[in-house]
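What follows is one structure encoded as structure tokens, with my remarks underneath.
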Amino acid sequence: MKIVGIIGNPIKHSLSPIMHNAAFAAKKMPYLYMPFELQTEELVSFLSIKNLKQKNIVGLNVTIPHKEAVIPFMHTLSPTAKAIGAVNTIVVKGSKLHGHNTDAAGYMMSLKKEAGFNVKGKNVVVVGAGGSARAVIYGVLSGKCASLCIVNRTLEKAQQLAKEFGQLFPKVSIEAYGLNLIPNPVFKNCDLLINTTSMGLNGTPMTVLPLELLKKKALVSDIVYTPLITPLLSAARRLKLKAHPGWGMLLYQGVLAFTLWTNKQPPVSPMKQHLQATLF
Ligand code: ATR
């Protein structure tokens, strides 16, 4: 039995084991996906080749708070993981660890498959400037959006991201604003508004955004998936705007990780069904 798993802290509530074990069972593949709760100090021994070989670990997902901390242990880093500055998927090959990030492509896949949305040529507003924002921003810039506005409670963090990603994607217009000082045209021109902050998570309040200014065809997307319909998404629905929920990013980052570990396409339906059965 080959072992894959997820390292993070806390890890008890992770839905990845359910999703991946459903895929392995459906394909009758001899893999088991396990959660590993680790303190940061434990990373060095856990990620040693000796420990990984002993446990027969061939791949890992990485979640909060270790996505940045694992980088020094990687022998190679994919260009995406490097640009985002975070690793969410590790492939163990021989005695080497390869760091990847499937969050950006996973988000983009969810947009396409679950909302039928193509970001190319679109005006995008990203709320938030933390780790999740970095992945989403990299995704929409790679998808050739026409413009990007990063809005954040702490303006300096939005400005820093605008500067950093502006150097990577010099052709795209990237602006930064404080959350409460966003000019109306930013909303009026917006085709896709994405919340990457923890606002709305488990019932926490969401800063009210003037969604009524958005185009009728605009898509409102939230990467938070508990609750499934966040305060932002329910506000969008009340205004008859299209809403894109967060579970798709979780699903498709997992789909892409599965392929990196096994070189096989996973069966998406059982992964989706098991995820939805837990969340819905
Ligand atoms: P993650 O890795 O999940 O993105 P993070 O890196 O801690 O987490 O980033 C959290 C993001 O949510 C930040 O953009 C943060 O804004 P600040 O940069 O101003 O801290 C945002 N955030 C969290 N709670 C918020 C709140 N109550 N109101 C507005 N923004 C909030």
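We label chains A, B, ... in the order they appear in the structure tokens, count residues from 1 in each chain, and number ligands from 1 in the order shown.
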
Please identify the residues whose atoms come within 9 Å of ligand 1, using only C-alpha atoms and all ligand atoms, and report them as a PyMOL selection string.
chain A and resi 64-65+67+127-135+151-158+178-179+195-200+204-207

Kindly export the residues of the current selection with N, CA and C atoms, as a CSV table (one decimal), in the first residue's frame.
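The resulting file, part_24.csv, is reproduced below:
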chain,number,residue,atom,x,y,z
A,64,ILE,N,-2.5,24.8,5.9
A,64,ILE,CA,-2.2,25.8,6.9
A,64,ILE,C,-1.7,25.1,8.2
A,65,PRO,N,-0.6,25.5,8.8
A,65,PRO,CA,0.2,26.7,8.5
A,65,PRO,C,1.6,26.4,7.8
A,67,LYS,N,2.4,25.8,4.4
A,67,LYS,CA,2.6,25.9,2.9
A,67,LYS,C,3.8,26.6,2.5
A,127,VAL,N,-10.6,40.2,-3.5
A,127,VAL,CA,-10.7,40.8,-2.2
A,127,VAL,C,-9.7,39.9,-1.3
A,128,GLY,N,-8.7,40.6,-0.7
A,128,GLY,CA,-7.8,39.8,0.2
A,128,GLY,C,-6.4,39.9,-0.4
A,129,ALA,N,-5.4,39.8,0.4
A,129,ALA,CA,-4.0,39.8,0.0
A,129,ALA,C,-3.1,38.8,0.8
A,130,GLY,N,-3.7,37.7,1.2
A,130,GLY,CA,-3.0,36.7,2.0
A,130,GLY,C,-2.5,35.6,1.1
A,131,GLY,N,-2.3,34.4,1.7
A,131,GLY,CA,-1.8,33.3,0.9
A,131,GLY,C,-2.7,32.8,-0.1
A,132,SER,N,-4.0,32.7,0.2
A,132,SER,CA,-5.0,32.2,-0.8
A,132,SER,C,-5.1,33.2,-1.9
A,133,ALA,N,-5.1,34.5,-1.6
A,133,ALA,CA,-5.1,35.5,-2.6
A,133,ALA,C,-4.0,35.3,-3.6
A,134,ARG,N,-2.8,35.0,-3.2
A,134,ARG,CA,-1.7,34.9,-4.0
A,134,ARG,C,-1.9,33.8,-5.1
A,135,ALA,N,-2.5,32.7,-4.7
A,135,ALA,CA,-2.8,31.6,-5.6
A,135,ALA,C,-3.9,32.0,-6.6
A,151,VAL,N,-8.1,44.3,-3.6
A,151,VAL,CA,-8.6,45.2,-2.5
A,151,VAL,C,-8.4,44.4,-1.2
A,152,ASN,N,-7.9,45.2,-0.2
A,152,ASN,CA,-7.6,44.5,1.1
A,152,ASN,C,-7.7,45.5,2.2
A,153,ARG,N,-8.1,44.9,3.4
A,153,ARG,CA,-8.2,45.7,4.6
A,153,ARG,C,-7.0,46.5,4.9
A,154,THR,N,-5.8,45.8,4.8
A,154,THR,CA,-4.5,46.5,4.9
A,154,THR,C,-4.0,46.8,3.5
A,155,LEU,N,-4.1,48.1,3.2
A,155,LEU,CA,-3.8,48.6,1.8
A,155,LEU,C,-2.4,48.2,1.4
A,156,GLU,N,-1.4,48.3,2.3
A,156,GLU,CA,0.0,48.1,2.0
A,156,GLU,C,0.2,46.7,1.4
A,157,LYS,N,-0.5,45.7,2.0
A,157,LYS,CA,-0.4,44.3,1.5
A,157,LYS,C,-0.9,44.2,0.1
A,158,ALA,N,-2.0,44.8,-0.2
A,158,ALA,CA,-2.5,44.8,-1.6
A,158,ALA,C,-1.5,45.5,-2.5
A,178,GLY,N,-7.6,50.0,-0.6
A,178,GLY,CA,-8.1,49.6,0.7
A,178,GLY,C,-9.5,49.2,0.6
A,179,LEU,N,-9.9,48.2,1.5
A,179,LEU,CA,-11.3,47.6,1.4
A,179,LEU,C,-12.4,48.6,1.4
A,195,ASN,N,-13.8,36.6,-3.4
A,195,ASN,CA,-13.4,36.8,-2.0
A,195,ASN,C,-12.4,35.7,-1.6
A,196,THR,N,-11.2,36.1,-1.2
A,196,THR,CA,-10.2,35.1,-0.8
A,196,THR,C,-9.9,35.3,0.7
A,197,THR,N,-10.6,36.2,1.4
A,197,THR,CA,-10.4,36.4,2.8
A,197,THR,C,-11.2,35.4,3.6
A,198,SER,N,-11.0,35.4,4.9
A,198,SER,CA,-11.7,34.4,5.8
A,198,SER,C,-13.1,35.1,6.2
A,199,MET,N,-13.4,36.3,5.7
A,199,MET,CA,-14.7,36.9,6.0
A,199,MET,C,-15.8,35.9,5.5
A,200,GLY,N,-16.8,35.7,6.4
A,200,GLY,CA,-17.9,34.8,6.0
A,200,GLY,C,-17.6,33.4,6.4
A,204,THR,N,-18.8,34.2,10.2
A,204,THR,CA,-18.2,35.5,10.6
A,204,THR,C,-18.7,36.5,9.6
A,205,PRO,N,-18.8,37.8,10.1
A,205,PRO,CA,-19.4,38.8,9.2
A,205,PRO,C,-18.5,39.1,8.0
A,206,MET,N,-19.2,39.6,6.9
A,206,MET,CA,-18.5,40.0,5.7
A,206,MET,C,-18.7,41.5,5.5
A,207,THR,N,-17.6,42.2,5.2
A,207,THR,CA,-17.8,43.6,4.9
A,207,THR,C,-18.7,43.7,3.7

Using DSSP secondary structure from the backbone, list all alpha helix (DSSP H) positions within stretch 75-246 of chain A, as a VMD selection string.
chain A and resid 79 to 84 103 to 115 131 to 142 155 to 168 184 to 188 231 to 238

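Compared by their closest atoms to A:Gln265, and using only C-alpha atoms, the residues A:Lys28, A:Ala23, A:Ser78, A:Ala176 rank with A:Ala23 nearest.
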
Enumerate as a PDB file with N, CA and C atoms, in the first residue's frame all residues of stretch 59-275 of chain A assigned to strand (DSSP E) by DSSP on the backbone, naming them with the chain letters and numbers the document uses.
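selection-v2.pdb, written as the output of this step:
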ATOM      1  N   GLY A  59       3.579  10.907  -1.697  1.00  0.00           N
ATOM      2  CA  GLY A  59       3.117  12.256  -1.997  1.00  0.00           C
ATOM      3  C   GLY A  59       2.383  12.853  -0.822  1.00  0.00           C
ATOM      4  N   LEU A  60       2.348  14.186  -0.783  1.00  0.00           N
ATOM      5  CA  LEU A  60       1.670  14.867   0.319  1.00  0.00           C
ATOM      6  C   LEU A  60       0.952  16.116  -0.181  1.00  0.00           C
ATOM      7  N   ASN A  61      -0.123  16.443   0.497  1.00  0.00           N
ATOM      8  CA  ASN A  61      -0.673  17.791   0.402  1.00  0.00           C
ATOM      9  C   ASN A  61      -0.168  18.547   1.626  1.00  0.00           C
ATOM     10  N   VAL A  62      -0.124  19.851   1.473  1.00  0.00           N
ATOM     11  CA  VAL A  62       0.324  20.701   2.576  1.00  0.00           C
ATOM     12  C   VAL A  62      -0.731  21.772   2.784  1.00  0.00           C
ATOM     13  N   THR A  76      13.191  20.525  -5.708  1.00  0.00           N
ATOM     14  CA  THR A  76      12.809  21.376  -6.835  1.00  0.00           C
ATOM     15  C   THR A  76      11.467  22.034  -6.503  1.00  0.00           C
ATOM     16  N   LEU A  77      11.234  23.170  -7.152  1.00  0.00           N
ATOM     17  CA  LEU A  77       9.996  23.915  -6.947  1.00  0.00           C
ATOM     18  C   LEU A  77       9.430  24.242  -8.330  1.00  0.00           C
ATOM     19  N   THR A  89       1.365  20.790  -2.685  1.00  0.00           N
ATOM     20  CA  THR A  89       1.488  19.387  -3.101  1.00  0.00           C
ATOM     21  C   THR A  89       2.962  19.022  -3.220  1.00  0.00           C
ATOM     22  N   ILE A  90       3.330  17.913  -2.585  1.00  0.00           N
ATOM     23  CA  ILE A  90       4.715  17.425  -2.670  1.00  0.00           C
ATOM     24  C   ILE A  90       4.696  16.059  -3.345  1.00  0.00           C
ATOM     25  N   VAL A  91       5.594  15.880  -4.307  1.00  0.00           N
ATOM     26  CA  VAL A  91       5.771  14.556  -4.913  1.00  0.00           C
ATOM     27  C   VAL A  91       7.116  14.021  -4.442  1.00  0.00           C
ATOM     28  N   VAL A  92       7.101  12.796  -3.906  1.00  0.00           N
ATOM     29  CA  VAL A  92       8.340  12.154  -3.452  1.00  0.00           C
ATOM     30  C   VAL A  92       8.774  11.202  -4.568  1.00  0.00           C
ATOM     31  N   LYS A  93       9.943  11.479  -5.151  1.00  0.00           N
ATOM     32  CA  LYS A  93      10.418  10.637  -6.260  1.00  0.00           C
ATOM     33  C   LYS A  93      11.855  10.266  -5.978  1.00  0.00           C
ATOM     34  N   LYS A  96      14.161  12.498  -3.762  1.00  0.00           N
ATOM     35  CA  LYS A  96      13.953  13.942  -3.949  1.00  0.00           C
ATOM     36  C   LYS A  96      12.494  14.342  -3.652  1.00  0.00           C
ATOM     37  N   LEU A  97      12.347  15.558  -3.143  1.00  0.00           N
ATOM     38  CA  LEU A  97      11.017  16.119  -2.909  1.00  0.00           C
ATOM     39  C   LEU A  97      10.771  17.238  -3.920  1.00  0.00           C
ATOM     40  N   HIS A  98       9.646  17.132  -4.627  1.00  0.00           N
ATOM     41  CA  HIS A  98       9.310  18.138  -5.640  1.00  0.00           C
ATOM     42  C   HIS A  98       8.080  18.916  -5.169  1.00  0.00           C
ATOM     43  N   GLY A  99       8.230  20.231  -5.059  1.00  0.00           N
ATOM     44  CA  GLY A  99       7.146  21.074  -4.546  1.00  0.00           C
ATOM     45  C   GLY A  99       6.322  21.681  -5.667  1.00  0.00           C
ATOM     46  N   HIS A 100       5.007  21.547  -5.547  1.00  0.00           N
ATOM     47  CA  HIS A 100       4.080  22.086  -6.554  1.00  0.00           C
ATOM     48  C   HIS A 100       3.019  22.930  -5.849  1.00  0.00           C
ATOM     49  N   ASN A 123     -12.263  41.688 -16.481  1.00  0.00           N
ATOM     50  CA  ASN A 123     -11.796  42.552 -15.395  1.00  0.00           C
ATOM     51  C   ASN A 123     -12.105  41.876 -14.066  1.00  0.00           C
ATOM     52  N   VAL A 124     -11.055  41.657 -13.275  1.00  0.00           N
ATOM     53  CA  VAL A 124     -11.193  40.853 -12.062  1.00  0.00           C
ATOM     54  C   VAL A 124     -10.894  41.705 -10.821  1.00  0.00           C
ATOM     55  N   VAL A 125     -11.707  41.507  -9.778  1.00  0.00           N
ATOM     56  CA  VAL A 125     -11.434  42.127  -8.478  1.00  0.00           C
ATOM     57  C   VAL A 125     -11.192  41.004  -7.478  1.00  0.00           C
ATOM     58  N   VAL A 126     -10.050  41.030  -6.814  1.00  0.00           N
ATOM     59  CA  VAL A 126      -9.750  40.044  -5.775  1.00  0.00           C
ATOM     60  C   VAL A 126      -9.783  40.744  -4.422  1.00  0.00           C
ATOM     61  N   VAL A 127     -10.606  40.231  -3.517  1.00  0.00           N
ATOM     62  CA  VAL A 127     -10.654  40.762  -2.155  1.00  0.00           C
ATOM     63  C   VAL A 127      -9.722  39.913  -1.296  1.00  0.00           C
ATOM     64  N   SER A 147      -7.622  42.992 -16.601  1.00  0.00           N
ATOM     65  CA  SER A 147      -7.182  43.869 -15.521  1.00  0.00           C
ATOM     66  C   SER A 147      -7.464  43.200 -14.189  1.00  0.00           C
ATOM     67  N   LEU A 148      -6.746  43.668 -13.178  1.00  0.00           N
ATOM     68  CA  LEU A 148      -6.915  43.092 -11.842  1.00  0.00           C
ATOM     69  C   LEU A 148      -6.881  44.213 -10.812  1.00  0.00           C
ATOM     70  N   CYS A 149      -7.869  44.216  -9.901  1.00  0.00           N
ATOM     71  CA  CYS A 149      -7.823  45.121  -8.744  1.00  0.00           C
ATOM     72  C   CYS A 149      -7.717  44.255  -7.504  1.00  0.00           C
ATOM     73  N   ILE A 150      -6.720  44.530  -6.691  1.00  0.00           N
ATOM     74  CA  ILE A 150      -6.573  43.799  -5.430  1.00  0.00           C
ATOM     75  C   ILE A 150      -7.049  44.733  -4.326  1.00  0.00           C
ATOM     76  N   VAL A 151      -8.076  44.327  -3.580  1.00  0.00           N
ATOM     77  CA  VAL A 151      -8.556  45.174  -2.491  1.00  0.00           C
ATOM     78  C   VAL A 151      -8.365  44.432  -1.174  1.00  0.00           C
ATOM     79  N   ASN A 152      -7.871  45.151  -0.188  1.00  0.00           N
ATOM     80  CA  ASN A 152      -7.565  44.493   1.081  1.00  0.00           C
ATOM     81  C   ASN A 152      -7.744  45.461   2.244  1.00  0.00           C
ATOM     82  N   SER A 173      -2.987  45.418 -16.347  1.00  0.00           N
ATOM     83  CA  SER A 173      -3.131  46.558 -15.431  1.00  0.00           C
ATOM     84  C   SER A 173      -3.523  46.023 -14.056  1.00  0.00           C
ATOM     85  N   ILE A 174      -2.691  46.279 -13.048  1.00  0.00           N
ATOM     86  CA  ILE A 174      -2.982  45.793 -11.690  1.00  0.00           C
ATOM     87  C   ILE A 174      -3.035  46.996 -10.742  1.00  0.00           C
ATOM     88  N   GLU A 175      -4.180  47.146 -10.043  1.00  0.00           N
ATOM     89  CA  GLU A 175      -4.333  48.254  -9.092  1.00  0.00           C
ATOM     90  C   GLU A 175      -4.584  47.699  -7.695  1.00  0.00           C
ATOM     91  N   ALA A 176      -4.337  48.540  -6.692  1.00  0.00           N
ATOM     92  CA  ALA A 176      -4.563  48.124  -5.302  1.00  0.00           C
ATOM     93  C   ALA A 176      -5.376  49.184  -4.574  1.00  0.00           C
ATOM     94  N   TYR A 177      -6.340  48.744  -3.749  1.00  0.00           N
ATOM     95  CA  TYR A 177      -7.166  49.664  -2.958  1.00  0.00           C
ATOM     96  C   TYR A 177      -7.395  49.109  -1.562  1.00  0.00           C
ATOM     97  N   GLY A 178      -7.648  50.035  -0.632  1.00  0.00           N
ATOM     98  CA  GLY A 178      -8.087  49.625   0.699  1.00  0.00           C
ATOM     99  C   GLY A 178      -9.538  49.163   0.608  1.00  0.00           C
ATOM    100  N   LEU A 192     -15.652  39.675 -12.683  1.00  0.00           N
ATOM    101  CA  LEU A 192     -15.481  38.570 -11.724  1.00  0.00           C
ATOM    102  C   LEU A 192     -14.960  39.146 -10.412  1.00  0.00           C
ATOM    103  N   LEU A 193     -15.729  38.941  -9.337  1.00  0.00           N
ATOM    104  CA  LEU A 193     -15.323  39.400  -8.016  1.00  0.00           C
ATOM    105  C   LEU A 193     -15.065  38.174  -7.136  1.00  0.00           C
ATOM    106  N   ILE A 194     -13.874  38.089  -6.554  1.00  0.00           N
ATOM    107  CA  ILE A 194     -13.508  36.880  -5.799  1.00  0.00           C
ATOM    108  C   ILE A 194     -13.130  37.241  -4.363  1.00  0.00           C
ATOM    109  N   ASN A 195     -13.803  36.615  -3.396  1.00  0.00           N
ATOM    110  CA  ASN A 195     -13.388  36.783  -1.998  1.00  0.00           C
ATOM    111  C   ASN A 195     -12.389  35.698  -1.626  1.00  0.00           C
ATOM    112  N   LEU A 219     -19.806  37.547 -12.309  1.00  0.00           N
ATOM    113  CA  LEU A 219     -19.787  36.343 -11.462  1.00  0.00           C
ATOM    114  C   LEU A 219     -19.178  36.714 -10.116  1.00  0.00           C
ATOM    115  N   VAL A 220     -19.842  36.272  -9.041  1.00  0.00           N
ATOM    116  CA  VAL A 220     -19.330  36.507  -7.689  1.00  0.00           C
ATOM    117  C   VAL A 220     -18.847  35.163  -7.145  1.00  0.00           C
ATOM    118  N   SER A 221     -17.573  35.123  -6.741  1.00  0.00           N
ATOM    119  CA  SER A 221     -16.938  33.859  -6.371  1.00  0.00           C
ATOM    120  C   SER A 221     -16.375  33.965  -4.961  1.00  0.00           C
ATOM    121  N   ASP A 222     -16.527  32.902  -4.187  1.00  0.00           N
ATOM    122  CA  ASP A 222     -15.985  32.903  -2.823  1.00  0.00           C
ATOM    123  C   ASP A 222     -15.176  31.634  -2.650  1.00  0.00           C
ATOM    124  N   LYS A 242     -24.708  35.719 -10.731  1.00  0.00           N
ATOM    125  CA  LYS A 242     -24.253  34.331 -10.656  1.00  0.00           C
ATOM    126  C   LYS A 242     -23.281  34.182  -9.490  1.00  0.00           C
ATOM    127  N   ALA A 243     -23.381  33.044  -8.783  1.00  0.00           N
ATOM    128  CA  ALA A 243     -22.535  32.816  -7.613  1.00  0.00           C
ATOM    129  C   ALA A 243     -21.725  31.538  -7.798  1.00  0.00           C
ATOM    130  N   HIS A 244     -20.442  31.598  -7.473  1.00  0.00           N
ATOM    131  CA  HIS A 244     -19.545  30.442  -7.643  1.00  0.00           C
ATOM    132  C   HIS A 244     -18.995  30.052  -6.272  1.00  0.00           C
TER     133      HIS A 244
END

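With distances restricted to only C-alpha atoms, A:Val208 is the closest residue to A:Pro231 from A:Val208, A:Ala257, A:Val70, A:Met34.
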